[in-house]
Amino acid sequence: YQWNSNLCANHGGQARRSVTDLKKPLIHARITDMSQKRVLSGIQPTSDSFHLGNYLGAVKQWVELQDSHDTFYCIVDLHALTIETDPTLLRQRTLASAAQLLALGISPDKATLFIQSQVPQHNQLGWIMECLAGFGEASRMTQFKDKSAKVGSDSARVGLFTYPMLQAADILLYQANLVPVGEDQRQHIELTRDLAGRFNARYGDTFTLPEAYILKEGAKINDIQEPTAKMSKSSGSVAGVIEIMDSPDANLKKIKSAVTDAGREVKFDPIEKPGISNLLTIHSSLSGISISQIESDFVGKGYGDFKAAVADVVVEYLRPIRERAQELLLDEKHLLSILHSGSEKARTVASATLD
Ligand code: AMP
Ligand code: TRP
């Protein structure tokens, strides 16, 4: 994995401002192509496989937006360092993440796919954002509170605390208009808007204020064993998480043993029937059939039939994706060359903003 030496050779040279240019006002730093809105999003390479929550909450929208927007998608390996990380595993998972994103439909011809650590401007602007954010404001981030409470304050890294300011830098460097994410990221995008607005008010109009792009349906997929908790890579229950790279058999078993609710009617009711509602959301998001249509298709049938149908939809949807990702992983050179070009393009845009 020799991506470091190659990728860092050019820090976005041609976009750099000369010393005389630096005396001119910064208001022209935006290089957004005005004909297409800019999109940026990121995903952490913290496991061997993405799960259905990642796909339905975020990546599915990434794929859709690449046809109509100028899209930048970032594998955020620096954010992944905020939890205990084995370096070899992190490199493997970074490549595996790229393979899965491509298999899920990200096209290098349409989108810029890159690795965060290969664009040093993220760290540089990250520091500026840390110096702009208040300690109290950062302390109110619920993801930080949850994650640090889980490991305890002695084990929680400072990077876990400063994580949202690096995320703000990820977004603002690209002057992104839209940030497609799951519901759990809404607060981080709000913070990013606050920081951008504060910077602009103090130092001159520099950053585009981004908007969160969060779907009504699918923005929060829950664990299928514990349907009131979010499906999560770090959750304890392996049985509750549907992984893209899991074998069709394993996923079939998982869905057939998904937790259901009292009663026997297949009905969307997240309060009374969180298990069935979650499965309805998954079915509908993958099959494209509306929830009300699925409800009527299962009138008079039981939960067993419904779970078998959901399993079929999920397994058949994921089968070719897993196969494609496995195929892509066999050709590391090809994967690295895609990431290399993506990171080079990202550095050009990021360094223009930073300058
Ligand atoms: P992460 O795995 O934390 O890097 O998340 C990558 C993307 O997936 C983010 O946009 C998250 O909001 C989204 N995401 C993660 N878990 C879920 C979930 N259970 N339901 C919906 N979206 C999710
Ligand atoms: N914090 C995001 C998550 O856990 C990942 C992320 C990092 C991100 N930088 C980003 C998402 C920039 C959107 C935009 O899911």
# chains A, B, ... in the order shown; residues from 1 in each chain; ligands from 1
>>> closest_atom_pairs(of="chain A", to="ligand 2", cutoff="6 Å", atoms="only C-alpha atoms and all ligand atoms", output="JSON lines")
{"residue": "A:Leu40", "atom": "CA", "partner": "ligand 2", "partner_atom_place_in_ligand_line": "14 (C)", "distance": 5.9}
{"residue": "A:Ser41", "atom": "CA", "partner": "ligand 2", "partner_atom_place_in_ligand_line": "14 (C)", "distance": 3.8}
{"residue": "A:Gly42", "atom": "CA", "partner": "ligand 2", "partner_atom_place_in_ligand_line": "8 (C)", "distance": 3.8}
{"residue": "A:Ile43", "atom": "CA", "partner": "ligand 2", "partner_atom_place_in_ligand_line": "5 (C)", "distance": 4.7}
{"residue": "A:Gln44", "atom": "CA", "partner": "ligand 2", "partner_atom_place_in_ligand_line": "5 (C)", "distance": 5.8}
{"residue": "A:Val76", "atom": "CA", "partner": "ligand 2", "partner_atom_place_in_ligand_line": "7 (C)", "distance": 5.6}
{"residue": "A:Gln167", "atom": "CA", "partner": "ligand 2", "partner_atom_place_in_ligand_line": "9 (N)", "distance": 4.1}
{"residue": "A:Asp170", "atom": "CA", "partner": "ligand 2", "partner_atom_place_in_ligand_line": "12 (C)", "distance": 5.3}
{"residue": "A:Ile171", "atom": "CA", "partner": "ligand 2", "partner_atom_place_in_ligand_line": "12 (C)", "distance": 5.4}
{"residue": "A:Val179", "atom": "CA", "partner": "ligand 2", "partner_atom_place_in_ligand_line": "13 (C)", "distance": 5.9}
>>> residues_near_ligand(ligand="ligand 1", cutoff="7 Å", atoms="only C-alpha atoms and all ligand atoms", output="list of chain:residue names")
A:Gly42, A:Ile43, A:Gln44, A:Gly53, A:Asn54, A:Tyr55, A:Leu56, A:Gly57, A:Ala58, A:Pro180, A:Val181, A:Gly182, A:Glu183, A:Asp184, A:Gln185, A:Gly218, A:Ala219, A:Lys220, A:Ile221, A:Asn222, A:Lys230, A:Met231, A:Ser232, A:Lys233
>>> closest_atom_pairs(of="region 235-306 of chain A", to="region 208-217 of chain A", cutoff="10 Å", atoms="only C-alpha atoms", output="JSON lines")
{"residue": "A:Thr281", "atom": "CA", "partner": "A:Glu217", "partner_atom": "CA", "distance": 6.9}
{"residue": "A:Ile282", "atom": "CA", "partner": "A:Glu217", "partner_atom": "CA", "distance": 9.2}
{"residue": "A:Ser284", "atom": "CA", "partner": "A:Glu217", "partner_atom": "CA", "distance": 9.2}
{"residue": "A:Ser285", "atom": "CA", "partner": "A:Glu217", "partner_atom": "CA", "distance": 7.7}
>>> closest_residue(among="A:Leu335, A:Cys131, A:Ala201, A:Leu52", to="Ala98 (chain A)", atoms="only C-alpha atoms")
A:Leu335
>>> select_by_dssp(residues="region 68-273 of chain A", states="alpha helix (DSSP H)", output="VMD selection string")
chain A and resid 77 to 80 87 to 103 121 to 132 135 to 139 142 to 151 158 to 172 186 to 203 248 to 256
>>> residues_around(residues="Ala250 (chain A)", least_positions_apart="6", cutoff="10 Å", atoms="only C-alpha atoms", output="PyMOL selection string")
chain A and resi 239+242-243+315
>>> write_last_selection(atoms="all heavy atoms", output="PDB file, in the first residue's frame")
ATOM      1  N   ALA A 239     -25.775  -9.911  15.158  1.00  0.00           N
ATOM      2  CA  ALA A 239     -26.986 -10.453  14.541  1.00  0.00           C
ATOM      3  C   ALA A 239     -27.966  -9.368  14.109  1.00  0.00           C
ATOM      4  O   ALA A 239     -28.838  -9.620  13.277  1.00  0.00           O
ATOM      5  CB  ALA A 239     -27.673 -11.402  15.517  1.00  0.00           C
ATOM      6  N   ILE A 242     -27.112  -5.805   9.262  1.00  0.00           N
ATOM      7  CA  ILE A 242     -27.039  -6.443   7.936  1.00  0.00           C
ATOM      8  C   ILE A 242     -25.846  -5.849   7.189  1.00  0.00           C
ATOM      9  O   ILE A 242     -25.846  -4.671   6.829  1.00  0.00           O
ATOM     10  CB  ILE A 242     -28.315  -6.160   7.111  1.00  0.00           C
ATOM     11  CG1 ILE A 242     -29.560  -6.631   7.846  1.00  0.00           C
ATOM     12  CG2 ILE A 242     -28.238  -6.800   5.725  1.00  0.00           C
ATOM     13  CD1 ILE A 242     -29.639  -8.115   7.977  1.00  0.00           C
ATOM     14  N   GLU A 243     -24.840  -6.675   6.977  1.00  0.00           N
ATOM     15  CA  GLU A 243     -23.624  -6.182   6.330  1.00  0.00           C
ATOM     16  C   GLU A 243     -23.639  -6.480   4.836  1.00  0.00           C
ATOM     17  O   GLU A 243     -24.041  -7.576   4.414  1.00  0.00           O
ATOM     18  CB  GLU A 243     -22.399  -6.818   6.980  1.00  0.00           C
ATOM     19  CG  GLU A 243     -22.258  -6.385   8.423  1.00  0.00           C
ATOM     20  CD  GLU A 243     -20.888  -6.662   8.981  1.00  0.00           C
ATOM     21  OE1 GLU A 243     -20.184  -7.554   8.443  1.00  0.00           O
ATOM     22  OE2 GLU A 243     -20.514  -5.988   9.949  1.00  0.00           O
ATOM     23  N   VAL A 315     -31.368  -9.971   0.209  1.00  0.00           N
ATOM     24  CA  VAL A 315     -30.328 -10.876  -0.272  1.00  0.00           C
ATOM     25  C   VAL A 315     -30.097 -10.695  -1.774  1.00  0.00           C
ATOM     26  O   VAL A 315     -28.960 -10.599  -2.241  1.00  0.00           O
ATOM     27  CB  VAL A 315     -30.692 -12.346   0.077  1.00  0.00           C
ATOM     28  CG1 VAL A 315     -29.835 -13.327  -0.691  1.00  0.00           C
ATOM     29  CG2 VAL A 315     -30.550 -12.568   1.583  1.00  0.00           C
TER      30      VAL A 315
END
>>> atom_distance(atom1="CA of Ile321 (chain A)", atom2="CA of Ser47 (chain A)")
17.0 Å
>>> residues_around(residues="Leu279 (chain A)", least_positions_apart="5", cutoff="10 Å", atoms="only C-alpha atoms", output="PyMOL selection string")
chain A and resi 221-224+227+255+258-260+266+268+274+284-285+306-307+310-311
>>> write_last_selection(atoms="all heavy atoms", output="short mmCIF file (atom, residue, chain, number, x, y, z; two decimals), in the first residue's frame")
data_model
loop_
_atom_site.label_atom_id
_atom_site.label_comp_id
_atom_site.auth_asym_id
_atom_site.auth_seq_id
_atom_site.Cartn_x
_atom_site.Cartn_y
_atom_site.Cartn_z
N ILE A 221 -31.94 3.66 9.98
CA ILE A 221 -32.26 2.23 9.94
C ILE A 221 -31.86 1.66 11.30
O ILE A 221 -30.78 1.95 11.81
CB ILE A 221 -31.47 1.54 8.80
CG1 ILE A 221 -31.84 2.14 7.43
CG2 ILE A 221 -31.67 0.03 8.82
CD1 ILE A 221 -33.29 1.94 7.01
N ASN A 222 -32.75 0.88 11.87
CA ASN A 222 -32.46 0.36 13.20
C ASN A 222 -31.91 -1.07 13.17
O ASN A 222 -32.04 -1.79 12.17
CB ASN A 222 -33.72 0.44 14.08
CG ASN A 222 -34.00 1.89 14.48
OD1 ASN A 222 -33.08 2.70 14.54
ND2 ASN A 222 -35.25 2.20 14.73
N ASP A 223 -31.30 -1.44 14.28
CA ASP A 223 -30.78 -2.78 14.50
C ASP A 223 -31.95 -3.77 14.43
O ASP A 223 -32.99 -3.53 15.04
CB ASP A 223 -30.15 -2.77 15.90
CG ASP A 223 -29.43 -4.04 16.26
OD1 ASP A 223 -30.10 -5.10 16.34
OD2 ASP A 223 -28.22 -3.98 16.50
N ILE A 224 -31.80 -4.87 13.70
CA ILE A 224 -32.96 -5.76 13.53
C ILE A 224 -33.18 -6.69 14.73
O ILE A 224 -34.20 -7.36 14.82
CB ILE A 224 -32.94 -6.56 12.20
CG1 ILE A 224 -31.72 -7.47 12.11
CG2 ILE A 224 -33.02 -5.63 11.00
CD1 ILE A 224 -31.82 -8.45 10.92
N PRO A 227 -34.74 -3.16 17.67
CA PRO A 227 -35.24 -2.19 16.69
C PRO A 227 -35.53 -0.78 17.21
O PRO A 227 -36.01 0.06 16.46
CB PRO A 227 -36.51 -2.84 16.15
CG PRO A 227 -36.86 -3.93 17.08
CD PRO A 227 -35.65 -4.29 17.88
N ILE A 255 -32.13 -12.08 8.88
CA ILE A 255 -33.45 -11.44 8.69
C ILE A 255 -34.56 -12.36 9.14
O ILE A 255 -35.53 -11.92 9.75
CB ILE A 255 -33.63 -10.99 7.22
CG1 ILE A 255 -32.58 -9.93 6.91
CG2 ILE A 255 -35.04 -10.43 7.00
CD1 ILE A 255 -32.48 -9.53 5.49
N ALA A 258 -35.00 -11.91 12.73
CA ALA A 258 -35.19 -10.51 13.20
C ALA A 258 -36.29 -10.46 14.26
O ALA A 258 -37.26 -11.22 14.18
CB ALA A 258 -35.56 -9.61 12.02
N VAL A 259 -36.11 -9.56 15.22
CA VAL A 259 -37.12 -9.40 16.27
C VAL A 259 -38.37 -8.76 15.69
O VAL A 259 -38.29 -7.80 14.91
CB VAL A 259 -36.53 -8.52 17.40
CG1 VAL A 259 -37.62 -7.95 18.29
CG2 VAL A 259 -35.53 -9.32 18.22
N THR A 260 -39.55 -9.31 16.03
CA THR A 260 -40.80 -8.68 15.58
C THR A 260 -41.56 -8.16 16.81
O THR A 260 -40.98 -8.06 17.89
CB THR A 260 -41.67 -9.67 14.79
OG1 THR A 260 -41.77 -10.88 15.54
CG2 THR A 260 -41.08 -9.97 13.43
N VAL A 266 -48.96 -6.79 9.62
CA VAL A 266 -47.82 -6.07 9.04
C VAL A 266 -48.25 -4.62 8.80
O VAL A 266 -48.93 -4.30 7.83
CB VAL A 266 -47.34 -6.75 7.74
CG1 VAL A 266 -46.23 -5.94 7.08
CG2 VAL A 266 -46.87 -8.17 8.01
N PHE A 268 -47.11 -0.29 9.44
CA PHE A 268 -46.07 0.68 9.78
C PHE A 268 -46.51 1.51 10.98
O PHE A 268 -47.43 2.32 10.89
CB PHE A 268 -45.78 1.58 8.58
CG PHE A 268 -44.57 2.46 8.79
CD1 PHE A 268 -43.28 1.96 8.61
CD2 PHE A 268 -44.71 3.78 9.19
CE1 PHE A 268 -42.16 2.75 8.81
CE2 PHE A 268 -43.58 4.59 9.40
CZ PHE A 268 -42.31 4.07 9.20
N PRO A 274 -41.95 -1.28 16.32
CA PRO A 274 -40.64 -0.80 15.80
C PRO A 274 -39.94 -1.83 14.92
O PRO A 274 -39.29 -1.46 13.94
CB PRO A 274 -39.84 -0.50 17.07
CG PRO A 274 -40.51 -1.27 18.16
CD PRO A 274 -41.97 -1.37 17.78
N SER A 284 -39.08 -1.42 1.53
CA SER A 284 -39.53 -0.38 0.62
C SER A 284 -38.37 0.38 -0.02
O SER A 284 -38.38 0.65 -1.22
CB SER A 284 -40.45 0.59 1.39
OG SER A 284 -40.69 1.72 0.63
N SER A 285 -37.33 0.70 0.78
CA SER A 285 -36.20 1.46 0.24
C SER A 285 -35.45 0.66 -0.82
O SER A 285 -34.92 1.22 -1.77
CB SER A 285 -35.20 1.84 1.32
OG SER A 285 -35.84 2.46 2.39
N PHE A 306 -43.78 -12.37 5.90
CA PHE A 306 -43.24 -11.03 5.66
C PHE A 306 -41.71 -11.04 5.76
O PHE A 306 -41.01 -10.51 4.89
CB PHE A 306 -43.86 -10.03 6.64
CG PHE A 306 -43.25 -8.65 6.58
CD1 PHE A 306 -43.28 -7.92 5.39
CD2 PHE A 306 -42.64 -8.10 7.70
CE1 PHE A 306 -42.70 -6.66 5.32
CE2 PHE A 306 -42.07 -6.84 7.63
CZ PHE A 306 -42.09 -6.11 6.44
N LYS A 307 -41.20 -11.70 6.81
CA LYS A 307 -39.74 -11.72 6.98
C LYS A 307 -39.06 -12.47 5.83
O LYS A 307 -37.99 -12.08 5.37
CB LYS A 307 -39.36 -12.34 8.34
CG LYS A 307 -39.61 -11.38 9.49
CD LYS A 307 -38.81 -11.72 10.73
CE LYS A 307 -39.36 -12.91 11.46
NZ LYS A 307 -38.61 -13.15 12.72
N VAL A 310 -38.86 -9.99 3.01
CA VAL A 310 -37.81 -8.99 3.24
C VAL A 310 -36.44 -9.61 2.99
O VAL A 310 -35.59 -9.01 2.31
CB VAL A 310 -37.87 -8.43 4.70
CG1 VAL A 310 -36.72 -7.46 4.96
CG2 VAL A 310 -39.21 -7.75 4.97
N ALA A 311 -36.25 -10.83 3.49
CA ALA A 311 -34.95 -11.51 3.31
C ALA A 311 -34.64 -11.65 1.82
O ALA A 311 -33.53 -11.39 1.37
CB ALA A 311 -34.98 -12.87 3.99
#
>>> atom_distance(atom1="CA of Lys267 (chain A)", atom2="CA of Val299 (chain A)")
9.1 Å
>>> closest_residue(among="A:Leu172, A:Glu265, A:Ala346, A:Arg38", to="Ile128 (chain A)", atoms="only C-alpha atoms")
A:Leu172
>>> atom_distance(atom1="CA of Asp67 (chain A)", atom2="CA of Tyr174 (chain A)")
18.0 Å
>>> residues_around(residues="Ile244 (chain A)", least_positions_apart="2", cutoff="6 Å", atoms="only C-alpha atoms", output="ChimeraX atom specification")
/A:50-51,246
>>> write_last_selection(atoms="C-alpha atoms", output="CSV table (one decimal), in the first residue's frame")
chain,number,residue,atom,x,y,z
A,50,PHE,CA,-20.7,-1.1,5.4
A,51,HIS,CA,-24.2,-2.0,6.7
A,246,ASP,CA,-21.9,-10.8,4.6
>>> select_by_dssp(residues="region 158-321 of chain A", states="strand (DSSP E or B)", output="ChimeraX atom specification")
/A:178-180,211-213,222,230,243,269,273
>>> closest_residue(among="A:Thr112, A:Ser341, A:Gln121, A:Gln100", to="Cys74 (chain A)", atoms="only C-alpha atoms")
A:Thr112
>>> closest_residue(among="A:Ala309, A:Val238, A:Ala103, A:Ala176", to="Asp70 (chain A)", atoms="only C-alpha atoms")
A:Ala176
>>> closest_residue(among="A:Thr228, A:Val313, A:Arg202, A:Thr88", to="Glu272 (chain A)", atoms="only C-alpha atoms")
A:Thr228
>>> closest_residue(among="A:Leu78, A:Ile115, A:Leu101, A:Ala149", to="Leu339 (chain A)", atoms="only C-alpha atoms")
A:Ile115
